[in-house]
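*Asks:* What follows is final22.pdb; its format and atoms are PDB, C-alpha atoms.
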ATOM      1  CA  MET S  22      14.045  58.890  16.677
ATOM      2  CA  GLN S  23      14.961  56.511  13.838
ATOM      3  CA  ALA S  24      18.150  55.428  15.654
ATOM      4  CA  GLU S  25      16.116  54.629  18.774
ATOM      5  CA  SER S  26      13.745  52.490  16.698
ATOM      6  CA  LYS S  27      16.646  50.586  15.114
ATOM      7  CA  ALA S  28      18.269  50.072  18.502
ATOM      8  CA  ARG S  29      14.992  48.796  19.949
ATOM      9  CA  LYS S  30      14.568  46.367  17.048
ATOM     10  CA  ALA S  31      18.158  45.125  17.420
ATOM     11  CA  ALA S  32      17.667  44.616  21.150
ATOM     12  CA  SER S  33      14.368  42.819  20.555
ATOM     13  CA  MET S  34      15.923  40.525  17.952
ATOM     14  CA  GLY S  35      18.773  39.778  20.366
ATOM     15  CA  LEU S  36      16.276  38.834  23.067
ATOM     16  CA  LEU S  37      14.286  36.645  20.676
ATOM     17  CA  MET S  38      17.461  34.947  19.451
ATOM     18  CA  ALA S  39      18.573  34.295  23.026
ATOM     19  CA  LEU S  40      15.129  32.898  23.815
ATOM     20  CA  ALA S  41      15.224  30.578  20.790
ATOM     21  CA  ILE S  42      18.670  29.278  21.782
ATOM     22  CA  ALA S  43      17.648  28.853  25.427
ATOM     23  CA  LEU S  44      14.502  26.941  24.430
ATOM     24  CA  ASN S  45      16.538  24.771  22.061
ATOM     25  CA  PHE S  46      19.029  24.018  24.832
ATOM     26  CA  LEU S  47      16.266  23.360  27.375
ATOM     27  CA  GLU S  48      14.475  21.029  24.993
ATOM     28  CA  ASN S  49      17.584  18.899  24.649
ATOM     29  CA  LEU S  50      17.574  18.368  28.412
ATOM     30  CA  ILE S  51      14.100  16.811  28.214
ATOM     31  CA  PRO S  52      14.264  13.006  27.900
ATOM     32  CA  ALA S  53      12.920  11.343  24.760
ATOM     33  CA  LEU S  54       9.158  11.439  24.553
ATOM     34  CA  PRO S  55       7.578   8.044  25.295
ATOM     35  CA  ALA S  56       6.105   6.136  22.333
ATOM     36  CA  MET S  57       7.812   8.490  19.865
ATOM     37  CA  PRO S  58      10.658   7.676  17.502
ATOM     38  CA  PRO S  59      14.133   8.905  18.453
ATOM     39  CA  GLY S  60      14.689  12.575  17.832
ATOM     40  CA  VAL S  61      11.074  13.718  18.098
ATOM     41  CA  LYS S  62      11.066  16.967  20.041
ATOM     42  CA  LEU S  63       8.430  19.504  20.998
ATOM     43  CA  GLY S  64       9.981  22.199  18.813
ATOM     44  CA  LEU S  65       9.928  24.830  21.539
ATOM     45  CA  SER S  66      12.386  27.140  19.791
ATOM     46  CA  ASN S  67      10.150  27.110  16.722
ATOM     47  CA  ILE S  68       7.662  29.130  18.773
ATOM     48  CA  VAL S  69      10.067  32.055  18.435
ATOM     49  CA  VAL S  70      10.438  31.543  14.675
ATOM     50  CA  ALA S  71       6.643  31.424  14.262
ATOM     51  CA  TYR S  72       6.253  34.538  16.401
ATOM     52  CA  CYS S  73       8.773  36.389  14.247
ATOM     53  CA  LEU S  74       6.966  35.318  11.090
ATOM     54  CA  PHE S  75       3.575  36.454  12.414
ATOM     55  CA  TYR S  76       4.580  39.730  14.018
ATOM     56  CA  LEU S  77       7.943  40.891  12.687
ATOM     57  CA  GLY S  78       8.274  39.519   9.168
ATOM     58  CA  GLY S  79       9.907  36.843   7.062
ATOM     59  CA  ARG S  80      13.434  38.259   7.227
ATOM     60  CA  GLU S  81      13.397  38.268  10.995
ATOM     61  CA  ALA S  82      12.021  34.723  11.111
ATOM     62  CA  LEU S  83      14.719  33.583   8.673
ATOM     63  CA  PHE S  84      17.388  35.280  10.792
ATOM     64  CA  VAL S  85      16.258  33.433  13.930
ATOM     65  CA  ALA S  86      15.914  30.093  12.103
ATOM     66  CA  VAL S  87      19.404  30.318  10.575
ATOM     67  CA  LEU S  88      21.134  31.464  13.767
ATOM     68  CA  LYS S  89      19.317  28.775  15.750
ATOM     69  CA  SER S  90      20.654  26.196  13.286
ATOM     70  CA  GLY S  91      24.129  27.669  13.673
ATOM     71  CA  PHE S  92      23.845  27.097  17.415
ATOM     72  CA  VAL S  93      22.840  23.475  16.764
ATOM     73  CA  LEU S  94      25.817  23.053  14.417
ATOM     74  CA  LEU S  95      28.228  24.397  17.031
ATOM     75  CA  THR S  96      26.819  22.419  19.954
ATOM     76  CA  ARG S  97      25.718  19.135  18.390
ATOM     77  CA  GLY S  98      27.762  18.713  15.234
ATOM     78  CA  VAL S  99      27.472  18.659  11.467
ATOM     79  CA  VAL S 100      24.685  16.084  11.095
ATOM     80  CA  ALA S 101      22.444  17.811  13.635
ATOM     81  CA  GLY S 102      23.303  21.213  12.145
ATOM     82  CA  ALA S 103      22.482  20.075   8.607
ATOM     83  CA  ALA S 104      19.219  18.525   9.786
ATOM     84  CA  SER S 105      18.384  21.713  11.678
ATOM     85  CA  ILE S 106      18.990  24.089   8.775
ATOM     86  CA  SER S 107      17.219  21.822   6.294
ATOM     87  CA  GLY S 108      14.230  21.351   8.573
ATOM     88  CA  GLY S 109      14.196  24.992   9.607
ATOM     89  CA  LEU S 110      14.230  26.402   6.075
ATOM     90  CA  LEU S 111      11.609  23.986   4.754
ATOM     91  CA  SER S 112       9.487  24.644   7.826
ATOM     92  CA  LEU S 113       9.765  28.411   7.423
ATOM     93  CA  ALA S 114       8.781  28.187   3.750
ATOM     94  CA  ALA S 115       5.753  26.053   4.646
ATOM     95  CA  MET S 116       4.731  28.440   7.423
ATOM     96  CA  ALA S 117       5.059  31.467   5.121
ATOM     97  CA  VAL S 118       2.775  29.830   2.538
ATOM     98  CA  ALA S 119       0.321  28.675   5.207
ATOM     99  CA  MET S 120       0.267  32.151   6.718
ATOM    100  CA  ARG S 121      -0.840  33.625   3.395
ATOM    101  CA  LEU S 122      -3.633  31.044   3.181
ATOM    102  CA  ALA S 123      -4.724  31.121   6.822
ATOM    103  CA  GLY S 124      -7.506  33.431   7.845
ATOM    104  CA  LYS S 125      -7.624  35.614  10.900
ATOM    105  CA  GLY S 126      -8.512  34.386  14.338
ATOM    106  CA  PRO S 127      -6.927  32.135  16.928
ATOM    107  CA  SER S 128      -6.928  29.027  14.713
ATOM    108  CA  ARG S 129      -4.389  30.608  12.333
ATOM    109  CA  TYR S 130      -1.566  29.711  14.716
ATOM    110  CA  PHE S 131      -2.492  26.053  14.275
ATOM    111  CA  ALA S 132      -2.949  26.452  10.503
ATOM    112  CA  VAL S 133       0.623  27.752  10.290
ATOM    113  CA  SER S 134       2.401  25.724  12.994
ATOM    114  CA  ILE S 135       1.173  22.285  11.933
ATOM    115  CA  PRO S 136       2.512  22.397   8.347
ATOM    116  CA  GLY S 137       5.674  24.001   9.714
ATOM    117  CA  ALA S 138       6.255  21.124  12.137
ATOM    118  CA  VAL S 139       5.477  18.442   9.545
ATOM    119  CA  LEU S 140       7.778  20.021   6.951
ATOM    120  CA  HIS S 141      10.477  20.491   9.585
ATOM    121  CA  ASN S 142      10.510  16.714  10.071
ATOM    122  CA  ILE S 143      10.560  16.113   6.312
ATOM    123  CA  GLY S 144      13.434  18.582   5.889
ATOM    124  CA  GLN S 145      15.423  16.818   8.578
ATOM    125  CA  LEU S 146      14.810  13.453   6.911
ATOM    126  CA  LEU S 147      15.980  14.892   3.587
ATOM    127  CA  ALA S 148      19.221  16.139   5.124
ATOM    128  CA  VAL S 149      19.930  12.858   6.906
ATOM    129  CA  SER S 150      19.054  10.866   3.781
ATOM    130  CA  ILE S 151      21.480  12.915   1.692
ATOM    131  CA  MET S 152      24.243  12.685   4.290
ATOM    132  CA  LEU S 153      23.810   8.923   4.718
ATOM    133  CA  LYS S 154      23.140   8.381   1.009
ATOM    134  CA  ASN S 155      20.262   6.177   2.090
ATOM    135  CA  THR S 156      16.516   6.637   1.689
ATOM    136  CA  ALA S 157      15.627   4.113   4.402
ATOM    137  CA  VAL S 158      15.158   6.999   6.853
ATOM    138  CA  PHE S 159      11.902   7.802   5.063
ATOM    139  CA  TYR S 160      10.321   4.637   6.487
ATOM    140  CA  SER S 161       9.786   6.683   9.638
ATOM    141  CA  LEU S 162       7.856   9.349   7.709
ATOM    142  CA  PRO S 163       4.320   8.217   8.689
ATOM    143  CA  VAL S 164       5.156   8.351  12.393
ATOM    144  CA  LEU S 165       7.045  11.628  11.993
ATOM    145  CA  PHE S 166       4.111  13.081  10.055
ATOM    146  CA  LEU S 167       1.777  12.325  12.953
ATOM    147  CA  ALA S 168       4.356  13.596  15.439
ATOM    148  CA  GLY S 169       4.619  16.801  13.397
ATOM    149  CA  VAL S 170       0.870  17.336  13.553
ATOM    150  CA  LEU S 171       0.874  16.757  17.308
ATOM    151  CA  MET S 172       3.923  18.925  17.980
ATOM    152  CA  GLY S 173       2.591  21.635  15.660
ATOM    153  CA  CYS S 174      -0.547  21.769  17.813
ATOM    154  CA  VAL S 175       1.568  21.976  20.963
ATOM    155  CA  THR S 176       3.755  24.800  19.637
ATOM    156  CA  ALA S 177       0.714  26.721  18.356
ATOM    157  CA  ALA S 178      -0.976  26.432  21.747
ATOM    158  CA  LEU S 179       2.206  27.512  23.528
ATOM    159  CA  LEU S 180       2.611  30.472  21.161
ATOM    160  CA  ARG S 181      -0.869  31.645  22.109
ATOM    161  CA  VAL S 182       0.048  31.361  25.803
ATOM    162  CA  VAL S 183       3.349  33.271  25.580
ATOM    163  CA  LEU S 184       2.155  35.813  23.029
ATOM    164  CA  PRO S 185       1.466  38.625  25.539
ATOM    165  CA  ALA S 186       4.992  38.360  26.968
ATOM    166  CA  LEU S 187       6.619  38.258  23.531
ATOM    167  CA  ARG S 188       4.617  41.258  22.336
ATOM    168  CA  ARG S 189       5.982  43.317  25.247
ATOM    169  CA  VAL S 190       9.623  42.829  24.205
ATOM    170  CA  THR S 191       9.283  43.484  20.489
ATOM    171  CA  PRO S 192       8.700  46.638  18.467
ATOM    172  CA  SER S 193       5.221  47.539  17.343
ATOM    173  CA  LYS S 194       3.606  45.406  14.691
ATOM    174  CA  GLY S 195       4.912  45.714  11.182
ATOM    175  CA  PRO S 196       2.951  46.494   8.022
ATOM    176  CA  GLY S 197       0.403  43.844   7.175
ATOM    177  CA  ARG S 198       0.638  42.321  10.624
ATOM    178  CA  GLU S 199      -2.168  42.083  13.157
TER     179      GLU S 199
END
Can I see the file as structure tokens?
*Replies:*
Amino acid sequence: MQAESKARKAASMGLLMALAIALNFLENLIPALPAMPPGVKLGLSNIVVAYCLFYLGGREALFVAVLKSGFVLLTRGVVAGAASISGGLLSLAAMAVAMRLAGKGPSRYFAVSIPGAVLHNIGQLLAVSIMLKNTAVFYSLPVLFLAGVLMGCVTAALLRVVLPALRRVTPSKGPGRE
């Protein structure tokens, strides 16, 4: 029985990883959002990371975030990969803290996704600033902060919509989860 449970979890994680990569790829096919600075994206693949954090645990969310960044590194290069891992790790840390502070109820997805999106942008700016050895990239921070709030709301709303489908492909809730 234990082997079946481990196999189910491995299969579920494989499906979630494939979904995160597919959403990341799909998002890069979408043209730049009007009236937004270059590089602002919806963060669709972060829906999978947030789902993992809420329903599977921090290790699983970290696994998806790191492998997703590896995909970015392989497909879009070192700068994009560094920005992805930096943004992803800072975002995951922010979401983990926010999750501990957020109450129950449907608004918790927003309470976790918004700081995650904002800190994702800040993490990406940090990586680019270090790589370019230039802090001028932080001049875009006010706009990216607002974009993070907006995109965090979008990803939280989308997570609520896709939640029933995601719950069907993953093992039962873990300890301390819903």
*Asks:* In terms of the shortest atom-to-atom distance over all atoms listed in the file, which of S:Ile51, S:Leu146, S:Met38, S:Ala119 is closest to Val87 (chain S)?
*Replies:* S:Met38
*Asks:* Enumerate, as number ranges by chain, the residues matched when the PyMOL selection byres ((chain S and resi 85) around 8) is run on the file above.
*Replies:* S: 37-38, 41, 69-70, 81-84, 86-89
*Asks:* Do you know which residues the PyMOL selection byres ((chain S and resi 169) around 12) returns on this file, as a PyMOL selection string?
*Replies:* chain S and resi 57-58+60-64+108+112+131+134-145+161-168+170-177
*Asks:* Give as a count of residues only the residues that the PyMOL selection byres ((chain S and resi 187) around 12) matches when applied to the coordinates above.
*Replies:* 30
*Asks:* I need the residue nearest Leu44 (chain S) from this list: S:Ala32, S:Gln23, S:Leu74, S:Phe92. Use only C-alpha atoms for the distance.
*Replies:*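 Going through S:Ala32, S:Gln23, S:Leu74, S:Phe92 one by one, the smallest distance to Leu44 (chain S) is for S:Phe92.
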*Asks:* Nearest to Phe46 (chain S) among S:Ala148, S:Leu65, S:Ala114, S:Ala132, with distances taken over only C-alpha atoms: which residue is it?
*Replies:*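 Among the listed residues, S:Leu65 lies closest to Phe46 (chain S).
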*Asks:* Report, in Å to a single decimal, how far apart CA of Ala31 (chain S) and CA of Ala101 (chain S) are.
*Replies:* 27.9 Å
*Asks:* Please measure the separation of CA of Leu110 (chain S) and CA of Tyr130 (chain S), giving the value in Å to one decimal.
*Replies:* 18.3 Å
*Asks:* Which is closer to Ala104 (chain S) than all the others in S:Val149, S:Ala53, S:Ala24, S:Ala117, using only C-alpha atoms?
*Replies:* S:Val149
*Asks:* Hey, which of S:Leu147, S:Ala178, S:Leu95, S:Ala56 ends up closest to Ser107 (chain S)? Count only C-alpha atoms.
*Replies:*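 For Ser107 (chain S), the nearest of the given residues is S:Leu147.
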*Asks:* My list of candidates is S:Leu153, S:Pro52, S:Met116, S:Ile106. Which is closest to Leu94 (chain S) when distances are computed with all atoms listed in the file?
*Replies:*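 Of S:Leu153, S:Pro52, S:Met116, S:Ile106, the one nearest Leu94 (chain S), counting all atoms listed in the file, is S:Ile106.
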*Asks:* Quote the spacing between CA of Asn67 (chain S) and CA of Ile42 (chain S) in Å to one decimal place.
*Replies:*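 Taking CA of Asn67 (chain S) and CA of Ile42 (chain S), their separation equals 10.1 Å.
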